[in-house]
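J.: Supplied in structure tokens, the structure appears directly below.
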Amino acid sequence: MFKVAIVGRPNVGKSTLFNTLIGERKAIVEKTPGITRDIIEGYAELEDKKGILLIDTGGINWGGKDFFNKTIIELVDKTLAEADLVLLVVDAKEGLTSEDLITAEYLRKKDKKVILVVNKVEGKEDEERAIEFYKLGFENIVFISAKNQKNIAQLKDLIKKYAKDHLEEIPEIEVIKIAIIGRPNVGKSTLLNRLLGYERMIVSEIPGTTRDCVDVFLTLPDGRKYLLIDTPGIRRRTKIDKRAEKFSVDKALETIKKVDIVLFMITAEEGITNQDQRLLRQIQKNYKACILLVNKWDLFDTKREAGNLMLENIKYGIRFISWVPILTISAKTGRRVNQIFPLIEEVYQQYNKRVNTALVNKILEDLKKNYTFNVKGKRIKFYYATQVEVKPPTFVIFININPDEIPKHIEKFMENSFRKFLEFNKVPVKVVFRLRD
Ligand code: GDP
Ligand code: GDP
């Protein structure tokens, strides 16, 4: 695939440009493992489903102090060797700097094809200052605002001119969006650290997300990709003053809405609290998949009876959302932590499952044989049903009365029946009634 590297000193807007060009975050594919210098790659679509591979070198300080450091030079050389084209990004608001000159010279020595991208051009003053950049001596120069999406099309056209016949089909990548939610001190960061160590995952924080909460890409050794949403910055995490961490139900709710599967964490000490129940109800309302992680189970290692009792209590506490699978773990000792990802896979497989219409109707027929339902003395007729959606699995049932008149308990009964007979036992199922004309 045609590879395009984005280079430039810090803060000129490389990550913003990267995100603008790849459009949807889900396209991000890979990062080179490295503790402090992330290199993130993603596909940018230039014409219908076809595109190039974009490399964001956001973590390298181009032209800066450590640019001449041996490891950095090796990394830079390697990245540039792979690139067919380089976008050198500069900042019109700052104007030309010595670092820009150093990087330009470096690229020329490497004999790289370069497009000079002057970013943050948003007004007359910026335009005037931008003219200085002609001094860098590059033939191809575009003036853009990555933030305001200005002249992006022009930049894409220019890239296309270079990539020409090398545009390739962009592979579809399936990414499971997850988040760990739980009150302070339940063990979220302990778990995260353990997961990162254990699973030998490739981790990359998504640039452009907020400082204290980032989205993180996890790539498991088997290639499976997860997007961990709203994660307190992993590297910064250790510095967070725990006393300052406040739990916001609103924030948690916002996160819940963004993910496929919520990893809801509680502790074996406290079990389910009222606040947990409130959030679980929201998970139910939003038809999100969920796994209940009961952490600190090591506290019950030698107290089997008490453990069983606690588990019963927890099950009772979540009875309104009883399909949620429960996993007792110890983030501290690592017990059963290795079962988390296989369980996520199983849950996601159900959440994303399609059942053929014949089977759905066979279940509906069986239900009709065994039960009758009346609304205001009128018999409800269920004509037929079909699955219309995944994530969540959603079924439409055609009926003979106004759907608004269907009582909640009948809706729940149908949801539970489909869940049971169509093997959706670990996920929510949604049923929608529709009047057949
Ligand atoms: P990087 O360090 O080169 O990856 O730069 P970032 O993409 O992180 O951007 C650095 C800062 O510049 C952020 O505050 C961005 O919001 C801002 N920025 C990026 N692009 C533009 C732009 O086109 N116009 C303006 N005004 N700000 C921008
Ligand atoms: P967070 O606020 O949810 O990120 O929680 P932390 O990961 O900071 O953990 C809070 C406290 O619980 C720390 O003192 C941890 O050492 C402790 N802790 C975390 N996991 C476990 C566990 O599995 N068992 C026990 N006994 N303690 C744990």
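Following the order of the structure tokens, first chain is A, next is B, and so on, with residues numbered from 1 inside each chain and ligands from 1 in the order they appear.
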So which residues are near ligand 1, meaning at most 7 Å away with only C-alpha atoms and all ligand atoms counted, given back as a ChimeraX atom specification?

T.: /A:8-17,58,119-122,144-148,207-208

J.: Could you please extract the residues within 8 Å of ligand 2, counting only C-alpha atoms and all ligand atoms, and hand them back as a PyMOL selection string?

T.: chain A and resi 182-192+242+245+295-299+329-334

J.: Print the selection's residues with N, CA, C and O atoms to a file, as a tab-separated table (two decimals), in the first residue's frame.

T.:
```
chain	number	residue	atom	x	y	z
A	182	GLY	N	-16.71	1.95	36.84
A	182	GLY	CA	-16.86	1.54	38.23
A	182	GLY	C	-16.46	2.67	39.15
A	182	GLY	O	-15.71	3.57	38.75
A	183	ARG	N	-16.94	2.60	40.37
A	183	ARG	CA	-16.65	3.67	41.32
A	183	ARG	C	-15.15	3.72	41.63
A	183	ARG	O	-14.44	2.75	41.38
A	184	PRO	N	-14.69	4.82	42.20
A	184	PRO	CA	-13.27	4.91	42.56
A	184	PRO	C	-12.90	3.77	43.50
A	184	PRO	O	-13.73	3.32	44.29
A	185	ASN	N	-11.67	3.29	43.36
A	185	ASN	CA	-11.11	2.27	44.24
A	185	ASN	C	-11.63	0.85	44.06
A	185	ASN	O	-11.32	-0.03	44.86
A	186	VAL	N	-12.41	0.61	43.02
A	186	VAL	CA	-12.83	-0.78	42.80
A	186	VAL	C	-11.70	-1.59	42.17
A	186	VAL	O	-11.73	-2.81	42.18
A	187	GLY	N	-10.71	-0.89	41.61
A	187	GLY	CA	-9.55	-1.60	41.06
A	187	GLY	C	-9.38	-1.47	39.56
A	187	GLY	O	-8.73	-2.30	38.93
A	188	LYS	N	-9.95	-0.41	38.98
A	188	LYS	CA	-9.89	-0.24	37.53
A	188	LYS	C	-8.45	-0.11	37.02
A	188	LYS	O	-8.07	-0.78	36.06
A	189	SER	N	-7.68	0.74	37.69
A	189	SER	CA	-6.31	0.92	37.17
A	189	SER	C	-5.44	-0.30	37.42
A	189	SER	O	-4.61	-0.64	36.58
A	190	THR	N	-5.68	-0.97	38.53
A	190	THR	CA	-4.93	-2.20	38.79
A	190	THR	C	-5.21	-3.21	37.68
A	190	THR	O	-4.31	-3.84	37.14
A	191	LEU	N	-6.48	-3.33	37.30
A	191	LEU	CA	-6.85	-4.26	36.23
A	191	LEU	C	-6.20	-3.85	34.91
A	191	LEU	O	-5.64	-4.69	34.20
A	192	LEU	N	-6.29	-2.58	34.62
A	192	LEU	CA	-5.76	-2.09	33.36
A	192	LEU	C	-4.27	-2.39	33.24
A	192	LEU	O	-3.80	-2.93	32.24
A	242	LYS	N	-5.35	10.15	43.90
A	242	LYS	CA	-6.57	9.36	44.02
A	242	LYS	C	-7.68	10.11	44.74
A	242	LYS	O	-8.84	9.96	44.43
A	245	GLU	N	-9.94	11.98	42.48
A	245	GLU	CA	-10.79	11.33	41.49
A	245	GLU	C	-12.25	11.37	41.94
A	245	GLU	O	-12.61	10.86	42.98
A	295	ASN	N	-14.46	-7.63	41.41
A	295	ASN	CA	-13.03	-7.62	41.72
A	295	ASN	C	-12.77	-7.87	43.21
A	295	ASN	O	-13.69	-7.88	44.02
A	296	LYS	N	-11.51	-8.05	43.53
A	296	LYS	CA	-11.03	-8.30	44.90
A	296	LYS	C	-11.60	-9.62	45.45
A	296	LYS	O	-11.86	-9.76	46.63
A	297	TRP	N	-11.82	-10.54	44.56
A	297	TRP	CA	-12.36	-11.84	44.98
A	297	TRP	C	-11.36	-12.59	45.85
A	297	TRP	O	-11.70	-13.53	46.56
A	298	ASP	N	-10.08	-12.17	45.80
A	298	ASP	CA	-9.06	-12.80	46.65
A	298	ASP	C	-9.45	-12.70	48.12
A	298	ASP	O	-9.05	-13.53	48.93
A	299	LEU	N	-10.25	-11.70	48.47
A	299	LEU	CA	-10.68	-11.54	49.86
A	299	LEU	C	-11.55	-12.72	50.31
A	299	LEU	O	-11.72	-12.96	51.49
A	329	ILE	N	-13.04	-11.88	39.79
A	329	ILE	CA	-11.62	-11.78	39.46
A	329	ILE	C	-10.83	-11.18	40.63
A	329	ILE	O	-11.41	-10.66	41.58
A	330	SER	N	-9.52	-11.24	40.50
A	330	SER	CA	-8.68	-10.44	41.37
A	330	SER	C	-7.65	-9.74	40.49
A	330	SER	O	-6.77	-10.38	39.92
A	331	ALA	N	-7.84	-8.45	40.38
A	331	ALA	CA	-6.90	-7.67	39.57
A	331	ALA	C	-5.53	-7.72	40.21
A	331	ALA	O	-4.50	-7.69	39.54
A	332	LYS	N	-5.53	-7.82	41.53
A	332	LYS	CA	-4.27	-7.80	42.27
A	332	LYS	C	-3.47	-9.08	42.05
A	332	LYS	O	-2.29	-9.02	41.74
A	333	THR	N	-4.11	-10.24	42.20
A	333	THR	CA	-3.36	-11.49	42.03
A	333	THR	C	-3.39	-11.97	40.57
A	333	THR	O	-2.60	-12.83	40.19
A	334	GLY	N	-4.31	-11.44	39.80
A	334	GLY	CA	-4.39	-11.85	38.40
A	334	GLY	C	-5.35	-13.00	38.16
A	334	GLY	O	-5.59	-13.43	37.04
```

J.: If you run DSSP on this backbone, which residues of stretch 98-156 of chain A come out as alpha helix (DSSP H), and could you give them as a PyMOL selection string?

T.: chain A and resi 98-109+124-130+152-156

J.: Excluding same-chain residues fewer than 3 positions from A:Leu293, what lies within 6 Å of it counting only C-alpha atoms, as a compact mmCIF listing (two decimals) with N, CA and C atoms, in the first residue's frame?

T.:
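Saved as out_29.txt:
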```txt
# COMPACT_ATOMS: atom_id res chain seq x y z
N PHE A 264 -18.36 -3.60 33.70
CA PHE A 264 -18.82 -2.91 34.90
C PHE A 264 -18.14 -3.54 36.10
N MET A 265 -17.38 -2.72 36.82
CA MET A 265 -16.56 -3.28 37.88
C MET A 265 -17.10 -2.90 39.25
N LEU A 327 -18.19 -12.29 36.28
CA LEU A 327 -16.89 -12.92 36.40
C LEU A 327 -16.22 -12.42 37.67
N THR A 328 -15.90 -13.36 38.56
CA THR A 328 -15.19 -12.95 39.79
C THR A 328 -13.70 -12.98 39.49
```

J.: Considering only C-alpha atoms, return as a list in words whatever protein or nucleic-acid residues lie within 12 Å of A:Phe424, sequence-local ones (same chain, fewer than 5 positions apart) excluded.

T.: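 Near neighbours after the sequence-gap exclusion: Ala289, Trp323, Val324, Pro325, Glu346, Val347, Tyr348, Gln349, Gln350, Tyr351, Asn352, Lys353, Arg354, Val355, Val390, Lys391, Pro392, Pro393, Thr394, Glu415, Asn416, Ser417, Phe418, Arg419, Val429 and Lys430 of chain A.
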
J.: Figure out the distance between atom CA of A:Asn286 and atom CA of A:Val249, please, to one decimal in Å.

T.: 14.9 Å

J.: Would you list the contacts of A:Phe2 as a VMD selection string, taking every protein, DNA or RNA residue within 8 Å and counting only C-alpha atoms, but skipping same-chain residues closer than 3 positions in sequence?

T.: chain A and resid 52 to 53 83 to 84 163 166 to 168

J.: Got time to write the residues from that selection, N, CA, C and O atoms, as a short mmCIF file (atom, residue, chain, number, x, y, z; two decimals), in the first residue's frame?

T.:
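The result, stored in again31.cif:
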```
data_model
loop_
_atom_site.label_atom_id
_atom_site.label_comp_id
_atom_site.auth_asym_id
_atom_site.auth_seq_id
_atom_site.Cartn_x
_atom_site.Cartn_y
_atom_site.Cartn_z
N ILE A 52 -4.86 5.19 0.98
CA ILE A 52 -3.45 5.04 1.26
C ILE A 52 -3.28 4.79 2.76
O ILE A 52 -4.22 4.98 3.51
N LEU A 53 -2.10 4.36 3.11
CA LEU A 53 -1.81 4.17 4.54
C LEU A 53 -1.10 5.41 5.06
O LEU A 53 -0.10 5.85 4.51
N ALA A 83 8.16 5.32 3.89
CA ALA A 83 7.19 6.25 3.32
C ALA A 83 7.43 6.52 1.84
O ALA A 83 8.56 6.75 1.41
N ASP A 84 6.35 6.49 1.05
CA ASP A 84 6.46 6.83 -0.37
C ASP A 84 6.33 8.34 -0.57
O ASP A 84 6.72 8.88 -1.59
N ALA A 163 0.04 9.17 -5.49
CA ALA A 163 -0.29 7.76 -5.25
C ALA A 163 -0.80 7.07 -6.52
O ALA A 163 -0.64 5.87 -6.68
N HIS A 166 -1.52 3.48 -7.19
CA HIS A 166 -1.24 2.69 -5.98
C HIS A 166 -2.35 2.73 -4.95
O HIS A 166 -2.20 2.20 -3.86
N LEU A 167 -3.45 3.37 -5.29
CA LEU A 167 -4.58 3.37 -4.35
C LEU A 167 -5.09 1.95 -4.21
O LEU A 167 -5.26 1.25 -5.19
N GLU A 168 -5.31 1.53 -2.96
CA GLU A 168 -5.77 0.16 -2.75
C GLU A 168 -7.03 0.13 -1.92
O GLU A 168 -7.31 1.05 -1.17
#
```

J.: Near A:Phe433, within 6 Å and counting only C-alpha atoms, which residues show up once chain neighbours fewer than 4 positions away are dropped, as a list in words?

T.: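 The neighbour list is Val396, Ile397, Phe398 and Pro403 of chain A.
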
J.: What is the distance between atom CA of A:Asp366 and atom CA of A:Lys426, in Å to one decimal?

T.: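 Spanning atom CA of A:Asp366 to atom CA of A:Lys426 is a straight-line distance of 22.3 Å.
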
J.: Interatomic distance between atom CA of A:Lys420 and atom CA of A:Lys376?

T.: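 Straight-line distance from atom CA of A:Lys420 to atom CA of A:Lys376 works out to 28.0 Å.
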
J.: Need to verify the contact set: A:Leu364, 10 Å, only C-alpha atoms, exclusion of same-chain residues closer than 2 positions in sequence. Can you return it as an NGL selection string?

T.: :A and (358-362 or 366-369 or 382-386 or 397 or 414 or 417-418 or 421)

J.: Out of A:Lys257, A:Arg224, A:Lys381, A:Lys112, which residue has the shortest atom-to-atom distance to A:Ile173 when counting only C-alpha atoms?

T.: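 Closest to A:Ile173, using only C-alpha atoms: A:Arg224.
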
J.: Extract the full set of strand (DSSP E or B) residues from stretch 146-336 of chain A according to DSSP on the backbone, and format it as an MDAnalysis selection string.

T.: chainID A and resid 150 168:169 175:181 202:205 213:219 225:232 261:267 289:295 326:328

J.: Could you turn the residues from that selection into a file that holds C-alpha atoms, as a short mmCIF file (atom, residue, chain, number, x, y, z; two decimals), in the first residue's frame?

T.:
```cif
data_model
loop_
_atom_site.label_atom_id
_atom_site.label_comp_id
_atom_site.auth_asym_id
_atom_site.auth_seq_id
_atom_site.Cartn_x
_atom_site.Cartn_y
_atom_site.Cartn_z
CA LYS A 150 -10.23 23.91 4.98
CA GLU A 168 -5.77 0.16 -2.75
CA GLU A 169 -8.94 -1.20 -1.29
CA VAL A 175 -13.09 -3.01 16.41
CA ILE A 176 -14.97 -3.81 19.62
CA LYS A 177 -15.61 -0.73 21.70
CA ILE A 178 -15.35 -1.33 25.42
CA ALA A 179 -15.03 0.72 28.60
CA ILE A 180 -14.26 -0.10 32.19
CA ILE A 181 -16.73 1.61 34.47
CA ILE A 202 -0.08 -3.25 21.56
CA VAL A 203 -1.42 -0.07 23.05
CA SER A 204 -1.85 3.27 21.40
CA GLU A 205 -3.59 6.28 22.77
CA CYS A 213 -9.39 10.61 29.44
CA VAL A 214 -8.10 8.99 26.31
CA ASP A 215 -9.32 6.34 23.94
CA VAL A 216 -6.84 3.53 23.64
CA PHE A 217 -6.41 0.98 20.90
CA LEU A 218 -5.61 -2.49 22.10
CA THR A 219 -4.32 -5.06 19.68
CA LYS A 225 -8.63 -5.02 18.02
CA TYR A 226 -10.43 -3.23 20.81
CA LEU A 227 -11.04 0.41 21.42
CA LEU A 228 -10.99 1.16 25.12
CA ILE A 229 -13.05 4.31 25.52
CA ASP A 230 -12.51 7.13 28.03
CA THR A 231 -9.60 5.52 29.79
CA PRO A 232 -7.74 7.65 32.26
CA ILE A 261 -19.71 -3.64 25.84
CA VAL A 262 -19.44 -2.14 29.31
CA LEU A 263 -17.04 -3.84 31.70
CA PHE A 264 -18.82 -2.91 34.90
CA MET A 265 -16.56 -3.28 37.88
CA ILE A 266 -17.61 -3.72 41.51
CA THR A 267 -15.83 -5.25 44.47
CA ALA A 289 -23.92 -5.45 26.37
CA CYS A 290 -22.29 -5.72 29.77
CA ILE A 291 -19.99 -7.92 31.80
CA LEU A 292 -19.99 -7.62 35.57
CA LEU A 293 -16.47 -7.90 36.95
CA VAL A 294 -16.52 -8.61 40.66
CA ASN A 295 -13.03 -7.62 41.72
CA ILE A 326 -20.60 -12.29 36.09
CA LEU A 327 -16.89 -12.92 36.40
CA THR A 328 -15.19 -12.95 39.79
#
```

J.: Taking only C-alpha atoms into account, name the residue in A:Glu125, A:Asp100, A:Asp250, A:Glu132 that is nearest to A:Gln282.

T.: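 Among the listed residues, A:Asp250 lies closest to A:Gln282.
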